[in-house]
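Read through the structure below, which is laid out as C-alpha cells, and then see the notes.
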Amino acid sequence: MLFRIVAPFLVALALSLLLVPLARSIGVRLGFVSRPREDRWHRSPVALFGGVAIAASVFTSAAVFHIARDLPVLTLTAAVMFATGLVDDVLTLKPSTKLIAQIALASVLVFFDYRLNWLNSITLDSLLTLFWIVGLTNAFNLLDNMDGLCAGVAMIVGTALLIDLLPGAGPEAVASAGYLAALLGATGGFLAYNLHPASIFMGDSGSLLLGFSFAAMTLSSGREAPGRSDVLSIVAVPVLVLLIPIFDTTLVTLSRWFSGRRASQGGRDHSSHRLVAIGLSERHAVALLWLLAAVGGGLGVALEYFSHSWSALAVIAFLLGMALFAAYLGGIRVYDEADLRARPDRLTPIVVEFMHRRRVAEVLLDFCVAASCYYAAYRLRFEDPEDFLRNFSTFSRSLPVVLAAQTIAFFVVGVYRGAWRHFGMLDSLVVAKGVFVGSLTAQLVILYVYRFSSYSRAVFVIYAVLLLLAVTLSRASFRLVGEFFQRRRQSGYRAVIYGAGDGGGLVIRELLMRHQGDVRIVGFVDDDPRKAGVRVQGYAVLGGYSALCVLVKAGAVDTIVISARHLPPERLNNLEVLCNEYHVRLTRLRVGLESIVEQDSESDVSSRATLRHVKPS
C-alpha cells in the first residue's frame, strides 16, 4: 500500500513542478490572465491555467498507477468538473450554469451510491450528500482569494483525509488513498509558484477540481466507510477536516446576505481579507488560516485514533473558539460606506445584525461552556473509565440542574449586561460571583431535592474553576484577539509615545480606539533611565530622548505623542525642531472636563481625552 501512495505523489509532484511554468507561459502568451479588479485582491495581472497543470498531473498519475481504473466514476466526474472550471476561466460562465453542472455531477456520484451515510433515510441522506458536494466545491472556489491560501489549505485537508484513509485495507480505500496522494503532489507543485507574490493562479478549473475531489473523498460508496461506526466520527471528522473552507464560505455568505449582496458576487470580504484589514500581512493572514486548518484536521484525525472522551471536549472547545473568531471577524467593516447608505434596510457586519439577539447567543454559548466544563470536571474527578461509567448516571441526572442553576445565576448577578469589547477586571468579578452562586445553588438542589448521597463535592470545585476560566476567557476574547492582531500590524503610521507613566496608557487607548487600523505603536520613550527595558501594557520602553532621536533620524517613526504631563520647555522645543526637520508629526495628550449642560449653578461634565497637534515654534 505504501508504494500505491508514495509513487503517485512523487510522479504528480514532479509533473506539476514542470507543467506549472509551462501553463503560466501559455496563459500569458494567449492573454488568459486574471486582471486586477475592485473585487479582487491582486494588484497586477497574473497568469491563469494553474488548474490545468494540477489536473494534468493528477490524471496522468491516476492513469499510470491504474487509479482511474479502480475509481472510474470519481475520476470521470472530477475530470468533467475540471473542464467546467476551465471553460469558466476562458469564457466566463454564469453562476447558475456552473451550479447546474455541479448539481449534475454530484447527482452522478449519488446515483452510483456515493453518500455521506449520516442519516438512516436514503432519500434525506442523498439530498444532504448533494448539498455537501456542491457546497464544498464552491467553498474551495471561494477560498481561492489570496496567494497560497486555497492550495495550502488543500494540502492540509488532503493530508488529514489521507491519514484518515490509512486504516482501510480494501481496494477502494487503497485507490482513494492513491488519488489523494496524486492530488497532494499536484497541489504541492503548484503551491511552490503560488506563494505570495504568486506568479500563477489555479483559476476555477483548479479550485473546482480540488473542492469536488475532497468532497467525494469524504463519501462512502455503497457501504459504511472503514473505521466510522459511530455518529461522532461520521459527522465530526469531515466537518473538522474541511472546517476552514466551510468557515470562510459561511462567513462570506452571511456577510453578503446581511448587506444585501448576492452570494455569488465577488468582494474583499473573505476571512483572509478581514485579517489583512486589521493589520496582518498577506503571508501572516494565510499562515493563520493554514494553522487553523491544521488544528481542525488534527482534531478530526484525533477522533479516529484516540479516545472520544477527551477528543470530543477538544473539538467542542475548538468549535466554540471558531464561533467567537467568526463573530470578531464579522464585526470588521469591509464594505464601503457609500454602498451601505445605498442599502438603508440592510446592516453590513454580521455582528451588527446579530446585536439584537446577542444576549441569546451569549446564553447559548454559556450553556455549551457550562455543559463542557461539568463533563470535564467529572472526567478529571473520575479518571478511571470504570469509575466514570459508574458515576455517569449521576452526571446525566444532575446536568440539567447545573445548567439551569448556572444560567439563572448569570442572569441574576448581571453577567449578561456587560460589553465584551470592554471586558475588564470588575467584569471578571461579576462572572466569578455568577459561577459561585450557580454552583452553590446546583449543589443545594442536588443534595436536598434529588438526595444524591454519593455525589462528589470535588466535582463542583473543579467545575467552578474550569467554568470561571472558560467564561472569563470567552468574554475577554474580543479584546485579546484585537490586541494580538494590533501588536502584529504590518501597516499604518508608526507612533512612539513619549512618557511611560499613567498618561501613556491613556494614549494607547486613545490611539487604538480612534485610529484602529491606521496606527502601529512602536513603543515608549522615557527620560527616566530606570524604566528602560520595562514594558507598559505590552509595549517596551525603548530608552530616553537619545533613543528617540535615533529612531527619528532612521525614519522609523511617523508620529510622536507626548503623554508626559510636565515636559521642560527646552525639551519640548528640541522635540519640535527635531520633528520639523524630519517631517514627523508631534501631538500631545490633553485630558480635561468638558461642560455638557449648564442649569442654574450646577453643570454636568464629562471627561475628555484628546490628541492635539503641537505646532512648531
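Identifiers in this document derive from the order of the C-alpha cells: chains are assigned A, B, ..., residues are numbered from 1 separately in each chain, and ligands are numbered from 1 in order of occurrence.
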
Just list as a ChimeraX atom specification whatever in segment 419-550 of chain A DSSP marks as helix (DSSP H, G or I).
/A:420-422,425-450,457-487,502-514,529-531,545-550

Please list as a VMD selection string every residue within 8 Å of Ser271 of chain A, counting only C-alpha atoms and excluding residues in the same chain fewer than 3 positions away.
chain A and resid 248 251 to 252 274 to 275 329

Residues within 12 Å of Tyr582 of chain A, only C-alpha atoms, excluding chain neighbours under 3 positions, as a ChimeraX atom specification
/A:549-560,575-579,585-586

Would you put the residues from that selection into a file with N, CA, C and O atoms, as a PDB file, in the first residue's frame?
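Output contents, as saved in result-v1.pdb:
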```pdb
ATOM      1  N   CYS A 549      15.780  60.152  19.245  1.00  0.00           N
ATOM      2  CA  CYS A 549      16.477  60.839  18.145  1.00  0.00           C
ATOM      3  C   CYS A 549      16.993  59.846  17.107  1.00  0.00           C
ATOM      4  O   CYS A 549      16.901  60.085  15.898  1.00  0.00           O
ATOM      5  N   VAL A 550      17.502  58.714  17.598  1.00  0.00           N
ATOM      6  CA  VAL A 550      18.000  57.686  16.670  1.00  0.00           C
ATOM      7  C   VAL A 550      16.852  57.150  15.824  1.00  0.00           C
ATOM      8  O   VAL A 550      16.992  56.975  14.600  1.00  0.00           O
ATOM      9  N   LEU A 551      15.686  56.895  16.437  1.00  0.00           N
ATOM     10  CA  LEU A 551      14.538  56.384  15.698  1.00  0.00           C
ATOM     11  C   LEU A 551      14.052  57.387  14.654  1.00  0.00           C
ATOM     12  O   LEU A 551      13.732  57.022  13.515  1.00  0.00           O
ATOM     13  N   VAL A 552      13.990  58.644  15.053  1.00  0.00           N
ATOM     14  CA  VAL A 552      13.509  59.673  14.124  1.00  0.00           C
ATOM     15  C   VAL A 552      14.458  59.818  12.949  1.00  0.00           C
ATOM     16  O   VAL A 552      14.042  59.867  11.781  1.00  0.00           O
ATOM     17  N   LYS A 553      15.760  59.895  13.220  1.00  0.00           N
ATOM     18  CA  LYS A 553      16.737  60.079  12.144  1.00  0.00           C
ATOM     19  C   LYS A 553      16.820  58.857  11.231  1.00  0.00           C
ATOM     20  O   LYS A 553      17.179  58.972  10.059  1.00  0.00           O
ATOM     21  N   ALA A 554      16.462  57.681  11.760  1.00  0.00           N
ATOM     22  CA  ALA A 554      16.470  56.461  10.945  1.00  0.00           C
ATOM     23  C   ALA A 554      15.191  56.295  10.136  1.00  0.00           C
ATOM     24  O   ALA A 554      15.058  55.336   9.370  1.00  0.00           O
ATOM     25  N   GLY A 555      14.244  57.211  10.312  1.00  0.00           N
ATOM     26  CA  GLY A 555      12.992  57.125   9.569  1.00  0.00           C
ATOM     27  C   GLY A 555      12.072  56.038  10.070  1.00  0.00           C
ATOM     28  O   GLY A 555      11.241  55.527   9.307  1.00  0.00           O
ATOM     29  N   ALA A 556      12.185  55.658  11.352  1.00  0.00           N
ATOM     30  CA  ALA A 556      11.380  54.574  11.904  1.00  0.00           C
ATOM     31  C   ALA A 556      10.150  55.074  12.648  1.00  0.00           C
ATOM     32  O   ALA A 556       9.434  54.275  13.252  1.00  0.00           O
ATOM     33  N   VAL A 557       9.896  56.390  12.606  1.00  0.00           N
ATOM     34  CA  VAL A 557       8.784  56.974  13.341  1.00  0.00           C
ATOM     35  C   VAL A 557       8.042  57.932  12.418  1.00  0.00           C
ATOM     36  O   VAL A 557       8.666  58.707  11.682  1.00  0.00           O
ATOM     37  N   ASP A 558       6.705  57.876  12.475  1.00  0.00           N
ATOM     38  CA  ASP A 558       5.879  58.813  11.711  1.00  0.00           C
ATOM     39  C   ASP A 558       5.241  59.872  12.598  1.00  0.00           C
ATOM     40  O   ASP A 558       4.929  60.963  12.127  1.00  0.00           O
ATOM     41  N   THR A 559       5.010  59.531  13.856  1.00  0.00           N
ATOM     42  CA  THR A 559       4.400  60.491  14.766  1.00  0.00           C
ATOM     43  C   THR A 559       4.883  60.227  16.186  1.00  0.00           C
ATOM     44  O   THR A 559       5.180  59.084  16.554  1.00  0.00           O
ATOM     45  N   ILE A 560       4.984  61.296  16.970  1.00  0.00           N
ATOM     46  CA  ILE A 560       5.360  61.213  18.384  1.00  0.00           C
ATOM     47  C   ILE A 560       4.213  61.791  19.196  1.00  0.00           C
ATOM     48  O   ILE A 560       3.736  62.899  18.900  1.00  0.00           O
ATOM     49  N   LEU A 575      12.204  68.863  20.735  1.00  0.00           N
ATOM     50  CA  LEU A 575      11.348  67.899  20.045  1.00  0.00           C
ATOM     51  C   LEU A 575      10.689  68.524  18.822  1.00  0.00           C
ATOM     52  O   LEU A 575      10.611  67.916  17.748  1.00  0.00           O
ATOM     53  N   GLU A 576      10.203  69.762  18.970  1.00  0.00           N
ATOM     54  CA  GLU A 576       9.546  70.435  17.858  1.00  0.00           C
ATOM     55  C   GLU A 576      10.518  70.659  16.701  1.00  0.00           C
ATOM     56  O   GLU A 576      10.168  70.461  15.531  1.00  0.00           O
ATOM     57  N   VAL A 577      11.740  71.044  17.035  1.00  0.00           N
ATOM     58  CA  VAL A 577      12.750  71.265  15.992  1.00  0.00           C
ATOM     59  C   VAL A 577      13.084  69.951  15.290  1.00  0.00           C
ATOM     60  O   VAL A 577      13.180  69.879  14.056  1.00  0.00           O
ATOM     61  N   LEU A 578      13.254  68.887  16.085  1.00  0.00           N
ATOM     62  CA  LEU A 578      13.585  67.577  15.518  1.00  0.00           C
ATOM     63  C   LEU A 578      12.476  67.077  14.591  1.00  0.00           C
ATOM     64  O   LEU A 578      12.747  66.600  13.477  1.00  0.00           O
ATOM     65  N   CYS A 579      11.241  67.203  15.055  1.00  0.00           N
ATOM     66  CA  CYS A 579      10.111  66.727  14.246  1.00  0.00           C
ATOM     67  C   CYS A 579       9.938  67.557  12.990  1.00  0.00           C
ATOM     68  O   CYS A 579       9.610  67.035  11.917  1.00  0.00           O
ATOM     69  N   ARG A 585       5.227  64.034  12.720  1.00  0.00           N
ATOM     70  CA  ARG A 585       4.108  64.717  13.380  1.00  0.00           C
ATOM     71  C   ARG A 585       4.265  64.621  14.892  1.00  0.00           C
ATOM     72  O   ARG A 585       4.578  63.559  15.429  1.00  0.00           O
ATOM     73  N   LEU A 586       4.022  65.733  15.574  1.00  0.00           N
ATOM     74  CA  LEU A 586       4.142  65.801  17.033  1.00  0.00           C
ATOM     75  C   LEU A 586       2.790  66.173  17.620  1.00  0.00           C
ATOM     76  O   LEU A 586       2.199  67.196  17.260  1.00  0.00           O
TER      77      LEU A 586
END
```

Provide the atom CA of Val64 of chain A to atom CA of Ser176 of chain A distance in Å, to one decimal place.
14.8 Å

Long-range neighbours of Gly158 of chain A as a ChimeraX atom specification, 12 Å cut-off, only C-alpha atoms, 5 positions minimum in chain:
/A:9,150-153,163-165,176-188,210-211,213-218,238,241-242,293-294,297-298,301

Selection near Arg35 of chain A, 9 Å with only C-alpha atoms, sequence-local residues under 6 positions removed, as a count of residues only
6

For Val239 of chain A: contacts at 12 Å, only C-alpha atoms, fewer than 2 positions along chain excluded, given as a ChimeraX atom specification
/A:116,118,132,136,157,160-161,214-215,218,232-237,241-247,293,296-301,303,315,319

From segment 282-510 of chain A, collect each residue whose DSSP state is strand (DSSP E) and return the set as a ChimeraX atom specification.
/A:493-498

For the residues in the current selection, export all heavy atoms as a short mmCIF file (atom, residue, chain, number, x, y, z; two decimals), in the first residue's frame.
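Heads up, here's the output in part-v5.cif:
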```cif
data_model
loop_
_atom_site.label_atom_id
_atom_site.label_comp_id
_atom_site.auth_asym_id
_atom_site.auth_seq_id
_atom_site.Cartn_x
_atom_site.Cartn_y
_atom_site.Cartn_z
N TYR A 493 0.54 54.13 10.30
CA TYR A 493 1.63 55.03 10.68
C TYR A 493 2.21 54.62 12.03
O TYR A 493 1.51 54.17 12.92
CB TYR A 493 1.16 56.49 10.68
CG TYR A 493 0.15 56.86 11.74
CD1 TYR A 493 0.57 57.26 13.01
CD2 TYR A 493 -1.21 56.85 11.48
CE1 TYR A 493 -0.33 57.62 13.98
CE2 TYR A 493 -2.13 57.20 12.44
CZ TYR A 493 -1.68 57.58 13.69
OH TYR A 493 -2.59 57.94 14.66
N ARG A 494 3.53 54.77 12.13
CA ARG A 494 4.27 54.30 13.31
C ARG A 494 4.33 55.40 14.37
O ARG A 494 4.78 56.51 14.09
CB ARG A 494 5.67 53.89 12.88
CG ARG A 494 5.69 52.75 11.86
CD ARG A 494 6.97 52.72 11.07
NE ARG A 494 7.17 53.96 10.30
CZ ARG A 494 8.23 54.21 9.55
NH1 ARG A 494 9.21 53.32 9.48
NH2 ARG A 494 8.32 55.34 8.88
N ALA A 495 3.87 55.04 15.56
CA ALA A 495 3.78 56.03 16.64
C ALA A 495 4.67 55.63 17.81
O ALA A 495 4.73 54.46 18.19
CB ALA A 495 2.33 56.16 17.11
N VAL A 496 5.35 56.63 18.37
CA VAL A 496 6.13 56.46 19.59
C VAL A 496 5.51 57.36 20.66
O VAL A 496 5.18 58.52 20.38
CB VAL A 496 7.61 56.82 19.38
CG1 VAL A 496 8.34 56.92 20.71
CG2 VAL A 496 8.28 55.78 18.49
N ILE A 497 5.35 56.82 21.86
CA ILE A 497 4.75 57.57 22.96
C ILE A 497 5.85 58.07 23.88
O ILE A 497 6.64 57.28 24.40
CB ILE A 497 3.75 56.69 23.73
CG1 ILE A 497 2.67 56.17 22.77
CG2 ILE A 497 3.11 57.47 24.88
CD1 ILE A 497 1.75 55.15 23.41
N TYR A 498 5.89 59.37 24.09
CA TYR A 498 6.90 59.99 24.94
C TYR A 498 6.32 60.10 26.35
O TYR A 498 5.44 60.92 26.62
CB TYR A 498 7.27 61.37 24.41
CG TYR A 498 8.57 61.90 24.97
CD1 TYR A 498 9.64 62.18 24.13
CD2 TYR A 498 8.74 62.15 26.33
CE1 TYR A 498 10.83 62.67 24.62
CE2 TYR A 498 9.92 62.63 26.84
CZ TYR A 498 10.97 62.88 25.98
OH TYR A 498 12.16 63.36 26.47
#
```

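For Ala55 of chain A, the residues within 8 Å (counting only C-alpha atoms, excluding itself and residues fewer than 6 positions away along the chain) are Ala79, Phe82, Ala186, Gly206 and Leu209 of chain A.
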
Let's have the selection written as an mmCIF file, in the first residue's frame, with N, CA and C atoms.
```cif
data_model
loop_
_atom_site.group_PDB
_atom_site.id
_atom_site.type_symbol
_atom_site.label_atom_id
_atom_site.label_comp_id
_atom_site.auth_asym_id
_atom_site.auth_seq_id
_atom_site.Cartn_x
_atom_site.Cartn_y
_atom_site.Cartn_z
ATOM 1 N N ALA A 79 -12.927 14.945 -13.709
ATOM 2 C CA ALA A 79 -12.421 15.496 -14.969
ATOM 3 C C ALA A 79 -13.433 16.441 -15.601
ATOM 4 N N PHE A 82 -13.402 19.661 -13.682
ATOM 5 C CA PHE A 82 -12.247 20.456 -14.104
ATOM 6 C C PHE A 82 -12.538 21.157 -15.432
ATOM 7 N N ALA A 186 0.267 17.088 -6.955
ATOM 8 C CA ALA A 186 -0.001 18.116 -7.961
ATOM 9 C C ALA A 186 -0.211 19.475 -7.310
ATOM 10 N N GLY A 206 -8.909 24.743 -11.274
ATOM 11 C CA GLY A 206 -8.200 24.102 -10.167
ATOM 12 C C GLY A 206 -9.011 24.049 -8.894
ATOM 13 N N LEU A 209 -11.916 21.577 -9.125
ATOM 14 C CA LEU A 209 -11.400 20.206 -9.084
ATOM 15 C C LEU A 209 -11.046 19.798 -7.660
#
```
